[in-house]
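A.B. asks: What follows is start-v2.pdb, made up of PDB, C-alpha atoms:
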ATOM      1  CA  MET A  71     -20.284  18.816  -0.949  1.00  0.00           C
ATOM      2  CA  ALA A  72     -19.187  19.170   2.680  1.00  0.00           C
ATOM      3  CA  SER A  73     -18.618  15.413   2.980  1.00  0.00           C
ATOM      4  CA  ARG A  74     -16.591  15.468  -0.245  1.00  0.00           C
ATOM      5  CA  ARG A  75     -14.394  18.293   1.059  1.00  0.00           C
ATOM      6  CA  ALA A  76     -13.911  16.402   4.319  1.00  0.00           C
ATOM      7  CA  ALA A  77     -12.956  13.266   2.382  1.00  0.00           C
ATOM      8  CA  ILE A  78     -10.436  15.206   0.316  1.00  0.00           C
ATOM      9  CA  GLY A  79      -9.022  16.669   3.515  1.00  0.00           C
ATOM     10  CA  ARG A  80      -8.625  13.206   5.065  1.00  0.00           C
ATOM     11  CA  LEU A  81      -6.957  11.883   1.928  1.00  0.00           C
ATOM     12  CA  ALA A  82      -4.613  14.890   1.868  1.00  0.00           C
ATOM     13  CA  LEU A  83      -3.704  14.298   5.529  1.00  0.00           C
ATOM     14  CA  LEU A  84      -3.052  10.622   4.820  1.00  0.00           C
ATOM     15  CA  ALA A  85      -0.878  11.554   1.832  1.00  0.00           C
ATOM     16  CA  ALA A  86       1.074  14.019   3.986  1.00  0.00           C
ATOM     17  CA  LEU A  87       1.657  11.374   6.676  1.00  0.00           C
ATOM     18  CA  ILE A  88       2.839   8.847   4.107  1.00  0.00           C
ATOM     19  CA  GLY A  89       5.089  11.463   2.500  1.00  0.00           C
ATOM     20  CA  GLY A  90       6.579  12.359   5.872  1.00  0.00           C
ATOM     21  CA  TYR A  91       7.185   8.703   6.674  1.00  0.00           C
ATOM     22  CA  ILE A  92       8.951   8.217   3.334  1.00  0.00           C
ATOM     23  CA  LEU A  93      11.228  11.225   3.857  1.00  0.00           C
ATOM     24  CA  VAL A  94      12.159  10.188   7.384  1.00  0.00           C
ATOM     25  CA  SER A  95      12.742   6.613   6.234  1.00  0.00           C
ATOM     26  CA  GLN A  96      15.046   7.796   3.463  1.00  0.00           C
ATOM     27  CA  TYR A  97      16.927   9.959   5.953  1.00  0.00           C
ATOM     28  CA  SER A  98      17.459   6.954   8.216  1.00  0.00           C
ATOM     29  CA  TYR A  99      19.157   5.121   5.340  1.00  0.00           C
ATOM     30  CA  SER A 100      21.217   8.151   4.331  1.00  0.00           C
ATOM     31  CA  SER A 101      22.661   8.941   7.755  1.00  0.00           C
ATOM     32  CA  ALA A 102      24.861   6.591   9.753  1.00  0.00           C
ATOM     33  CA  ASP A 103      23.644   8.249  12.956  1.00  0.00           C
ATOM     34  CA  ALA A 104      19.967   7.490  12.287  1.00  0.00           C
ATOM     35  CA  LYS A 105      19.941   3.707  12.635  1.00  0.00           C
ATOM     36  CA  GLY A 106      17.819   3.936  15.766  1.00  0.00           C
ATOM     37  CA  LEU A 107      15.271   6.006  13.896  1.00  0.00           C
ATOM     38  CA  GLY A 108      15.281   3.527  11.028  1.00  0.00           C
ATOM     39  CA  ALA A 109      14.747   0.609  13.393  1.00  0.00           C
ATOM     40  CA  ALA A 110      11.864   2.426  15.087  1.00  0.00           C
ATOM     41  CA  LEU A 111      10.224   3.129  11.724  1.00  0.00           C
ATOM     42  CA  SER A 112      10.714  -0.451  10.622  1.00  0.00           C
ATOM     43  CA  VAL A 113       9.576  -2.320  13.724  1.00  0.00           C
ATOM     44  CA  GLY A 114       7.305   0.261  15.366  1.00  0.00           C
ATOM     45  CA  PRO A 115       4.290   0.011  13.018  1.00  0.00           C
ATOM     46  CA  ILE A 116       4.282  -3.799  13.199  1.00  0.00           C
ATOM     47  CA  VAL A 117       4.425  -3.833  16.997  1.00  0.00           C
ATOM     48  CA  LEU A 118       1.803  -1.088  17.269  1.00  0.00           C
ATOM     49  CA  ILE A 119      -0.624  -2.894  14.958  1.00  0.00           C
ATOM     50  CA  GLY A 120      -0.090  -6.143  16.833  1.00  0.00           C
ATOM     51  CA  VAL A 121      -0.725  -4.520  20.220  1.00  0.00           C
ATOM     52  CA  VAL A 122      -3.847  -2.702  18.992  1.00  0.00           C
ATOM     53  CA  LEU A 123      -5.259  -5.924  17.534  1.00  0.00           C
ATOM     54  CA  ALA A 124      -4.484  -7.746  20.776  1.00  0.00           C
ATOM     55  CA  TRP A 125      -6.464  -5.189  22.774  1.00  0.00           C
ATOM     56  CA  ARG A 126      -9.372  -5.397  20.320  1.00  0.00           C
ATOM     57  CA  TRP A 127      -9.560  -9.177  19.868  1.00  0.00           C
ATOM     58  CA  THR A 128      -8.389 -10.706  23.163  1.00  0.00           C
ATOM     59  CA  HIS A 129      -9.117 -10.458  26.877  1.00  0.00           C
ATOM     60  CA  PRO A 130      -7.625  -7.332  28.514  1.00  0.00           C
ATOM     61  CA  LEU A 131      -5.341  -9.449  30.705  1.00  0.00           C
ATOM     62  CA  ILE A 132      -3.962 -11.311  27.678  1.00  0.00           C
ATOM     63  CA  ALA A 133      -3.602  -8.025  25.786  1.00  0.00           C
ATOM     64  CA  ALA A 134      -1.699  -6.527  28.720  1.00  0.00           C
ATOM     65  CA  LEU A 135       0.645  -9.539  28.803  1.00  0.00           C
ATOM     66  CA  ILE A 136       1.244  -9.271  25.038  1.00  0.00           C
ATOM     67  CA  THR A 137       1.980  -5.558  25.394  1.00  0.00           C
ATOM     68  CA  ALA A 138       4.410  -6.141  28.254  1.00  0.00           C
ATOM     69  CA  LEU A 139       6.113  -9.030  26.432  1.00  0.00           C
ATOM     70  CA  SER A 140       6.481  -6.896  23.295  1.00  0.00           C
ATOM     71  CA  GLY A 141       8.157  -4.175  25.337  1.00  0.00           C
ATOM     72  CA  VAL A 142      10.564  -6.634  26.955  1.00  0.00           C
ATOM     73  CA  LEU A 143      11.485  -8.236  23.617  1.00  0.00           C
ATOM     74  CA  LEU A 144      12.087  -4.832  22.049  1.00  0.00           C
ATOM     75  CA  TYR A 145      14.347  -3.853  24.941  1.00  0.00           C
ATOM     76  CA  VAL A 146      16.331  -7.109  24.848  1.00  0.00           C
ATOM     77  CA  TYR A 147      16.745  -7.322  21.077  1.00  0.00           C
ATOM     78  CA  TRP A 148      16.978  -3.606  20.304  1.00  0.00           C
ATOM     79  CA  PRO A 149      20.733  -3.664  19.529  1.00  0.00           C
ATOM     80  CA  PHE A 150      20.151  -6.456  16.986  1.00  0.00           C
ATOM     81  CA  LEU A 151      17.122  -4.713  15.471  1.00  0.00           C
ATOM     82  CA  LYS A 152      19.061  -1.467  15.251  1.00  0.00           C
ATOM     83  CA  SER A 153      21.854  -3.160  13.307  1.00  0.00           C
ATOM     84  CA  HIS A 154      19.660  -5.250  10.979  1.00  0.00           C
ATOM     85  CA  TYR A 155      16.410  -3.309  10.544  1.00  0.00           C
ATOM     86  CA  GLU A 156      16.795  -3.292   6.759  1.00  0.00           C
ATOM     87  CA  TRP A 157      15.778  -6.975   6.717  1.00  0.00           C
ATOM     88  CA  SER A 158      12.508  -6.086   8.395  1.00  0.00           C
ATOM     89  CA  ASP A 159      11.991  -3.355   5.795  1.00  0.00           C
ATOM     90  CA  LEU A 160      12.646  -5.858   3.013  1.00  0.00           C
ATOM     91  CA  VAL A 161      10.000  -8.240   4.343  1.00  0.00           C
ATOM     92  CA  GLN A 162       7.505  -5.395   4.760  1.00  0.00           C
ATOM     93  CA  GLN A 163       8.046  -3.801   1.365  1.00  0.00           C
ATOM     94  CA  ALA A 164       8.143  -6.980  -0.704  1.00  0.00           C
ATOM     95  CA  GLY A 165       5.402  -8.574   1.382  1.00  0.00           C
ATOM     96  CA  VAL A 166       2.948  -5.698   0.976  1.00  0.00           C
ATOM     97  CA  TYR A 167       3.284  -5.554  -2.806  1.00  0.00           C
ATOM     98  CA  ALA A 168       3.139  -9.344  -3.045  1.00  0.00           C
ATOM     99  CA  MET A 169      -0.110  -9.404  -1.051  1.00  0.00           C
ATOM    100  CA  VAL A 170      -1.602  -6.672  -3.248  1.00  0.00           C
ATOM    101  CA  SER A 171      -0.631  -8.739  -6.301  1.00  0.00           C
ATOM    102  CA  VAL A 172      -2.275 -11.818  -4.803  1.00  0.00           C
ATOM    103  CA  GLY A 173      -5.430  -9.792  -4.166  1.00  0.00           C
ATOM    104  CA  PHE A 174      -5.628  -8.743  -7.818  1.00  0.00           C
ATOM    105  CA  GLY A 175      -4.777 -12.266  -8.971  1.00  0.00           C
ATOM    106  CA  ARG A 176      -7.408 -13.981  -6.810  1.00  0.00           C
ATOM    107  CA  SER A 177     -10.089 -11.696  -8.194  1.00  0.00           C
ATOM    108  CA  LEU A 178      -9.315 -13.078 -11.675  1.00  0.00           C
ATOM    109  CA  LEU A 179     -10.210 -16.655 -10.703  1.00  0.00           C
ATOM    110  CA  VAL A 180     -13.324 -18.283 -12.117  1.00  0.00           C
ATOM    111  CA  GLY A 181     -16.440 -17.191 -10.267  1.00  0.00           C
ATOM    112  CA  ARG A 182     -14.892 -13.980  -8.909  1.00  0.00           C
ATOM    113  CA  VAL A 183     -15.273 -10.359 -10.014  1.00  0.00           C
ATOM    114  CA  PRO A 184     -11.968  -8.678 -11.035  1.00  0.00           C
ATOM    115  CA  THR A 185     -10.879  -5.901  -8.703  1.00  0.00           C
ATOM    116  CA  CYS A 186     -10.936  -3.168 -11.366  1.00  0.00           C
ATOM    117  CA  THR A 187     -14.413  -4.296 -12.417  1.00  0.00           C
ATOM    118  CA  GLN A 188     -15.615  -3.995  -8.821  1.00  0.00           C
ATOM    119  CA  LEU A 189     -14.233  -0.450  -8.523  1.00  0.00           C
ATOM    120  CA  ALA A 190     -15.756   0.600 -11.857  1.00  0.00           C
ATOM    121  CA  GLU A 191     -19.165  -0.818 -10.901  1.00  0.00           C
ATOM    122  CA  GLN A 192     -19.059   1.019  -7.570  1.00  0.00           C
ATOM    123  CA  LEU A 193     -18.312   4.279  -9.390  1.00  0.00           C
ATOM    124  CA  HIS A 194     -20.531   3.948 -12.452  1.00  0.00           C
ATOM    125  CA  GLY A 195     -23.057   1.192 -11.849  1.00  0.00           C
ATOM    126  CA  PRO A 196     -23.570  -1.792 -14.191  1.00  0.00           C
ATOM    127  CA  LEU A 197     -20.962  -2.100 -16.955  1.00  0.00           C
ATOM    128  CA  ASP A 198     -21.391  -3.267 -20.532  1.00  0.00           C
ATOM    129  CA  ALA A 199     -19.431  -6.158 -22.085  1.00  0.00           C
ATOM    130  CA  LYS A 200     -16.671  -3.928 -23.474  1.00  0.00           C
ATOM    131  CA  GLU A 201     -16.121  -2.260 -20.106  1.00  0.00           C
ATOM    132  CA  ILE A 202     -16.067  -5.593 -18.279  1.00  0.00           C
ATOM    133  CA  ALA A 203     -13.465  -6.932 -20.727  1.00  0.00           C
ATOM    134  CA  TYR A 204     -11.295  -3.824 -20.300  1.00  0.00           C
ATOM    135  CA  THR A 205     -11.455  -3.810 -16.498  1.00  0.00           C
ATOM    136  CA  ARG A 206     -10.587  -7.511 -16.423  1.00  0.00           C
ATOM    137  CA  ARG A 207      -7.498  -6.869 -18.572  1.00  0.00           C
ATOM    138  CA  ALA A 208      -6.607  -3.904 -16.352  1.00  0.00           C
ATOM    139  CA  THR A 209      -6.824  -6.150 -13.275  1.00  0.00           C
ATOM    140  CA  ALA A 210      -4.461  -8.651 -14.939  1.00  0.00           C
ATOM    141  CA  VAL A 211      -2.000  -5.834 -15.690  1.00  0.00           C
ATOM    142  CA  TRP A 212      -2.054  -4.622 -12.076  1.00  0.00           C
ATOM    143  CA  PHE A 213      -1.590  -8.205 -10.872  1.00  0.00           C
ATOM    144  CA  GLY A 214       1.514  -8.637 -13.009  1.00  0.00           C
ATOM    145  CA  PHE A 215       2.834  -5.177 -12.154  1.00  0.00           C
ATOM    146  CA  TYR A 216       2.710  -5.673  -8.390  1.00  0.00           C
ATOM    147  CA  ALA A 217       4.195  -9.172  -8.672  1.00  0.00           C
ATOM    148  CA  LEU A 218       7.139  -7.812 -10.703  1.00  0.00           C
ATOM    149  CA  LEU A 219       7.519  -4.903  -8.275  1.00  0.00           C
ATOM    150  CA  ALA A 220       7.778  -7.277  -5.303  1.00  0.00           C
ATOM    151  CA  ILE A 221      10.414  -9.306  -7.150  1.00  0.00           C
ATOM    152  CA  ALA A 222      12.313  -6.153  -8.135  1.00  0.00           C
ATOM    153  CA  ILE A 223      12.412  -4.995  -4.517  1.00  0.00           C
ATOM    154  CA  VAL A 224      14.099  -8.249  -3.493  1.00  0.00           C
ATOM    155  CA  VAL A 225      16.538  -8.166  -6.428  1.00  0.00           C
ATOM    156  CA  VAL A 226      17.559  -4.541  -5.816  1.00  0.00           C
ATOM    157  CA  PHE A 227      18.024  -5.269  -2.097  1.00  0.00           C
ATOM    158  CA  PHE A 228      20.716  -7.858  -2.845  1.00  0.00           C
ATOM    159  CA  ALA A 229      22.173  -6.185  -5.935  1.00  0.00           C
ATOM    160  CA  ALA A 230      22.612  -2.596  -4.718  1.00  0.00           C
ATOM    161  CA  SER A 231      23.500  -0.651  -1.582  1.00  0.00           C
ATOM    162  CA  THR A 232      20.882  -0.180   1.114  1.00  0.00           C
ATOM    163  CA  ARG A 233      20.744   3.552   0.324  1.00  0.00           C
ATOM    164  CA  LEU A 234      19.947   2.895  -3.352  1.00  0.00           C
ATOM    165  CA  TRP A 235      17.435   0.249  -2.323  1.00  0.00           C
ATOM    166  CA  SER A 236      15.757   2.758  -0.030  1.00  0.00           C
ATOM    167  CA  LEU A 237      15.578   5.279  -2.875  1.00  0.00           C
ATOM    168  CA  PHE A 238      13.937   2.634  -5.048  1.00  0.00           C
ATOM    169  CA  VAL A 239      11.280   1.550  -2.538  1.00  0.00           C
ATOM    170  CA  ASN A 240      10.550   5.046  -1.206  1.00  0.00           C
ATOM    171  CA  PHE A 241      10.484   6.944  -4.486  1.00  0.00           C
ATOM    172  CA  GLY A 242      10.998   4.670  -7.474  1.00  0.00           C
ATOM    173  CA  ALA A 243       8.189   2.259  -6.597  1.00  0.00           C
ATOM    174  CA  PHE A 244       5.675   5.058  -6.049  1.00  0.00           C
ATOM    175  CA  GLY A 245       6.815   6.703  -9.269  1.00  0.00           C
ATOM    176  CA  LEU A 246       6.193   3.490 -11.205  1.00  0.00           C
ATOM    177  CA  ILE A 247       2.770   3.096  -9.604  1.00  0.00           C
ATOM    178  CA  GLY A 248       1.895   6.688 -10.516  1.00  0.00           C
ATOM    179  CA  LEU A 249       3.077   6.109 -14.089  1.00  0.00           C
ATOM    180  CA  LEU A 250       0.890   3.052 -14.472  1.00  0.00           C
ATOM    181  CA  PHE A 251      -2.092   4.942 -13.029  1.00  0.00           C
ATOM    182  CA  ALA A 252      -1.504   7.684 -15.616  1.00  0.00           C
ATOM    183  CA  LEU A 253      -1.268   5.144 -18.449  1.00  0.00           C
ATOM    184  CA  ASP A 254      -4.418   3.402 -17.248  1.00  0.00           C
ATOM    185  CA  HIS A 255      -6.252   6.732 -17.139  1.00  0.00           C
ATOM    186  CA  ALA A 256      -5.101   7.670 -20.651  1.00  0.00           C
ATOM    187  CA  ILE A 257      -6.078   4.296 -22.123  1.00  0.00           C
ATOM    188  CA  ARG A 258      -9.404   4.248 -20.301  1.00  0.00           C
ATOM    189  CA  TYR A 259     -10.183   7.739 -21.577  1.00  0.00           C
ATOM    190  CA  ARG A 260      -9.741   6.518 -25.148  1.00  0.00           C
ATOM    191  CA  VAL A 261     -11.412   3.126 -24.751  1.00  0.00           C
ATOM    192  CA  LEU A 262     -14.291   4.213 -22.500  1.00  0.00           C
ATOM    193  CA  PRO A 263     -14.845   7.920 -23.307  1.00  0.00           C
ATOM    194  CA  HIS A 264     -18.446   7.867 -22.071  1.00  0.00           C
ATOM    195  CA  ARG A 265     -17.358   7.061 -18.506  1.00  0.00           C
ATOM    196  CA  PRO A 266     -15.913  10.356 -17.180  1.00  0.00           C
ATOM    197  CA  GLY A 267     -14.830  10.932 -13.614  1.00  0.00           C
ATOM    198  CA  GLY A 268     -13.182   7.564 -13.022  1.00  0.00           C
ATOM    199  CA  GLY A 269      -9.729   6.708 -11.819  1.00  0.00           C
ATOM    200  CA  VAL A 270      -8.012   6.109  -8.543  1.00  0.00           C
ATOM    201  CA  ILE A 271      -8.869   9.500  -6.992  1.00  0.00           C
ATOM    202  CA  ALA A 272     -12.553   8.969  -7.667  1.00  0.00           C
ATOM    203  CA  ALA A 273     -12.320   5.458  -6.256  1.00  0.00           C
ATOM    204  CA  LEU A 274     -10.618   6.707  -3.092  1.00  0.00           C
ATOM    205  CA  LEU A 275     -13.198   9.447  -2.608  1.00  0.00           C
ATOM    206  CA  HIS A 276     -15.962   6.926  -3.182  1.00  0.00           C
ATOM    207  CA  SER A 277     -14.497   4.604  -0.546  1.00  0.00           C
ATOM    208  CA  VAL A 278     -14.507   7.464   1.992  1.00  0.00           C
ATOM    209  CA  THR A 279     -17.806   9.213   1.177  1.00  0.00           C
ATOM    210  CA  GLY A 280     -19.797   6.325  -0.253  1.00  0.00           C
ATOM    211  CA  PRO A 281     -22.059   6.525  -3.268  1.00  0.00           C
ATOM    212  CA  ARG A 282     -23.717   9.813  -4.072  1.00  0.00           C
ATOM    213  CA  THR A 283     -27.359  10.033  -3.300  1.00  0.00           C
ATOM    214  CA  PRO A 284     -29.619  11.441  -6.012  1.00  0.00           C
ATOM    215  CA  ARG A 285     -31.154  14.837  -5.370  1.00  0.00           C
TER     216      ARG A 285
END
Let's see the structure in the file written out as structure tokens.

C.D. replies:
Amino acid sequence: MASRRAAIGRLALLAALIGGYILVSQYSYSSADAKGLGAALSVGPIVLIGVVLAWRWTHPLIAALITALSGVLLYVYWPFLKSHYEWSDLVQQAGVYAMVSVGFGRSLLVGRVPTCTQLAEQLHGPLDAKEIAYTRRATAVWFGFYALLAIAIVVVFFAASTRLWSLFVNFGAFGLIGLLFALDHAIRYRVLPHRPGGGVIAALLHSVTGPRTPR
């Protein structure tokens, strides 16, 4: 019980951080005076991840050189990044959803276990034929959804203003994802009524706490 509460707390903190990032990102697109903030939000996470990985995977001297070079490049090209950071956001947003789509799609290949099937087996144990068929179809739906979302992000970027595009990626995309989660839950409840306690929240808690041990 204590580990479950701790997991919920960590998930809530993560959700709060993501929510804060979204609000600040939207503000940077809504205010002409916040371009520096927008550039920092766009480029900062990429640079930080790269530097952390360099320190973990390379020799300290090489990592130090990469860190110093990153700082110099940021200083030299900051005016350009500040004026064109929306392109970096486009690559990040469309790229992330495209990679998620590829992950779902690869799991549908012959000899692989569909992603939704894997999650259901982790939560409930071995599945019957009907459940395997449903989770495979659900994986195909998520694959198509994320592929279309990545395409929509690119289309909206070129078809609308940057402020409207920001509203779409920061709020519209998450709203669509939440809607599909709700539809999946409703359909699963009707198709697989003897499998209670599933869904994305259960899967997230499972990934943090691990499987429950029998008493």

A.B. asks: Would you mind telling me which residue in A:Val121, A:Phe215, A:Arg258, A:Leu131 lies nearest to Ala190 of chain A when using all atoms listed in the file?

C.D. replies: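 Nearest to Ala190 of chain A: A:Arg258.
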
A.B. asks: Atom CA of Leu118 of chain A to atom CA of Phe241 of chain A: how many Å, to one decimal?

C.D. replies: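 Between atom CA of Leu118 of chain A and atom CA of Phe241 of chain A the gap is 24.8 Å.
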
A.B. asks: Quick one: residues within 9 Å of segment 136-146 of chain A, all atoms listed in the file counted, chain neighbours fewer than 2 positions away excluded, as an mmCIF file with C-alpha atoms, in the frame of the given file?

C.D. replies:
data_model
loop_
_atom_site.group_PDB
_atom_site.id
_atom_site.type_symbol
_atom_site.label_atom_id
_atom_site.label_comp_id
_atom_site.auth_asym_id
_atom_site.auth_seq_id
_atom_site.Cartn_x
_atom_site.Cartn_y
_atom_site.Cartn_z
ATOM 1 C CA VAL A 117 4.425 -3.833 16.997
ATOM 2 C CA GLY A 120 -0.090 -6.143 16.833
ATOM 3 C CA VAL A 121 -0.725 -4.520 20.220
ATOM 4 C CA ALA A 124 -4.484 -7.746 20.776
ATOM 5 C CA TRP A 125 -6.464 -5.189 22.774
ATOM 6 C CA LEU A 131 -5.341 -9.449 30.705
ATOM 7 C CA ILE A 132 -3.962 -11.311 27.678
ATOM 8 C CA ALA A 133 -3.602 -8.025 25.786
ATOM 9 C CA ALA A 134 -1.699 -6.527 28.720
ATOM 10 C CA TRP A 148 16.978 -3.606 20.304
ATOM 11 C CA PRO A 149 20.733 -3.664 19.529
ATOM 12 C CA PHE A 150 20.151 -6.456 16.986
ATOM 13 C CA LEU A 151 17.122 -4.713 15.471
#

A.B. asks: For each of A:Pro115, A:Ala222, A:Thr187, A:Gly79, take the minimum atom-to-atom distance to Tyr91 of chain A, counting only C-alpha atoms, then give the residue where this is smallest.

C.D. replies: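 For Tyr91 of chain A, the nearest of the given residues is A:Pro115.
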
A.B. asks: A:His154, A:Ala217, A:Val225, A:Leu262: which is nearest Ile202 of chain A, counting only C-alpha atoms?

C.D. replies: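 Ranking A:His154, A:Ala217, A:Val225, A:Leu262 by distance to Ile202 of chain A, first place goes to A:Leu262.
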
A.B. asks: Env of Glu201 of chain A: 12 Å cut, atoms = only C-alpha atoms, seq-sep filter 5 positions within chain, self excluded. Answer as a PDB file with C-alpha atoms, in the frame of the given file.

C.D. replies:
ATOM      1  CA  PRO A 184     -11.968  -8.678 -11.035  1.00  0.00           C
ATOM      2  CA  CYS A 186     -10.936  -3.168 -11.366  1.00  0.00           C
ATOM      3  CA  THR A 187     -14.413  -4.296 -12.417  1.00  0.00           C
ATOM      4  CA  GLN A 188     -15.615  -3.995  -8.821  1.00  0.00           C
ATOM      5  CA  LEU A 189     -14.233  -0.450  -8.523  1.00  0.00           C
ATOM      6  CA  ALA A 190     -15.756   0.600 -11.857  1.00  0.00           C
ATOM      7  CA  GLU A 191     -19.165  -0.818 -10.901  1.00  0.00           C
ATOM      8  CA  HIS A 194     -20.531   3.948 -12.452  1.00  0.00           C
ATOM      9  CA  GLY A 195     -23.057   1.192 -11.849  1.00  0.00           C
ATOM     10  CA  PRO A 196     -23.570  -1.792 -14.191  1.00  0.00           C
ATOM     11  CA  ARG A 206     -10.587  -7.511 -16.423  1.00  0.00           C
ATOM     12  CA  ARG A 207      -7.498  -6.869 -18.572  1.00  0.00           C
ATOM     13  CA  ALA A 208      -6.607  -3.904 -16.352  1.00  0.00           C
ATOM     14  CA  ARG A 258      -9.404   4.248 -20.301  1.00  0.00           C
ATOM     15  CA  TYR A 259     -10.183   7.739 -21.577  1.00  0.00           C
ATOM     16  CA  ARG A 260      -9.741   6.518 -25.148  1.00  0.00           C
ATOM     17  CA  VAL A 261     -11.412   3.126 -24.751  1.00  0.00           C
ATOM     18  CA  LEU A 262     -14.291   4.213 -22.500  1.00  0.00           C
ATOM     19  CA  PRO A 263     -14.845   7.920 -23.307  1.00  0.00           C
ATOM     20  CA  HIS A 264     -18.446   7.867 -22.071  1.00  0.00           C
ATOM     21  CA  ARG A 265     -17.358   7.061 -18.506  1.00  0.00           C
TER      22      ARG A 265
END

A.B. asks: Run the PyMOL selection byres ((chain A and resi 251) around 12) on the file and write out the hits as a ChimeraX atom specification.

C.D. replies: /A:208,211-212,215,244-250,252-258,268-271

A.B. asks: Write out, as a PDB file, in the coordinates of the input, the residues just selected, with C-alpha atoms.

C.D. replies:
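What landed in selection17.pdb:
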ATOM      1  CA  ALA A 208      -6.607  -3.904 -16.352  1.00  0.00           C
ATOM      2  CA  VAL A 211      -2.000  -5.834 -15.690  1.00  0.00           C
ATOM      3  CA  TRP A 212      -2.054  -4.622 -12.076  1.00  0.00           C
ATOM      4  CA  PHE A 215       2.834  -5.177 -12.154  1.00  0.00           C
ATOM      5  CA  PHE A 244       5.675   5.058  -6.049  1.00  0.00           C
ATOM      6  CA  GLY A 245       6.815   6.703  -9.269  1.00  0.00           C
ATOM      7  CA  LEU A 246       6.193   3.490 -11.205  1.00  0.00           C
ATOM      8  CA  ILE A 247       2.770   3.096  -9.604  1.00  0.00           C
ATOM      9  CA  GLY A 248       1.895   6.688 -10.516  1.00  0.00           C
ATOM     10  CA  LEU A 249       3.077   6.109 -14.089  1.00  0.00           C
ATOM     11  CA  LEU A 250       0.890   3.052 -14.472  1.00  0.00           C
ATOM     12  CA  ALA A 252      -1.504   7.684 -15.616  1.00  0.00           C
ATOM     13  CA  LEU A 253      -1.268   5.144 -18.449  1.00  0.00           C
ATOM     14  CA  ASP A 254      -4.418   3.402 -17.248  1.00  0.00           C
ATOM     15  CA  HIS A 255      -6.252   6.732 -17.139  1.00  0.00           C
ATOM     16  CA  ALA A 256      -5.101   7.670 -20.651  1.00  0.00           C
ATOM     17  CA  ILE A 257      -6.078   4.296 -22.123  1.00  0.00           C
ATOM     18  CA  ARG A 258      -9.404   4.248 -20.301  1.00  0.00           C
ATOM     19  CA  GLY A 268     -13.182   7.564 -13.022  1.00  0.00           C
ATOM     20  CA  GLY A 269      -9.729   6.708 -11.819  1.00  0.00           C
ATOM     21  CA  VAL A 270      -8.012   6.109  -8.543  1.00  0.00           C
ATOM     22  CA  ILE A 271      -8.869   9.500  -6.992  1.00  0.00           C
TER      23      ILE A 271
END

A.B. asks: Pick the closest to Ala164 of chain A from A:Ala243, A:Leu237, A:Leu107, A:Ala230: which is it, counting all atoms listed in the file?

C.D. replies: A:Ala243

A.B. asks: Find the spatial neighbours of segment 175-182 of chain A, counting only C-alpha atoms, within a cut-off of 8 Å - ignore same-chain residues fewer than 5 positions away - and output them as a PyMOL selection string.

C.D. replies: chain A and resi 206+209-210+213
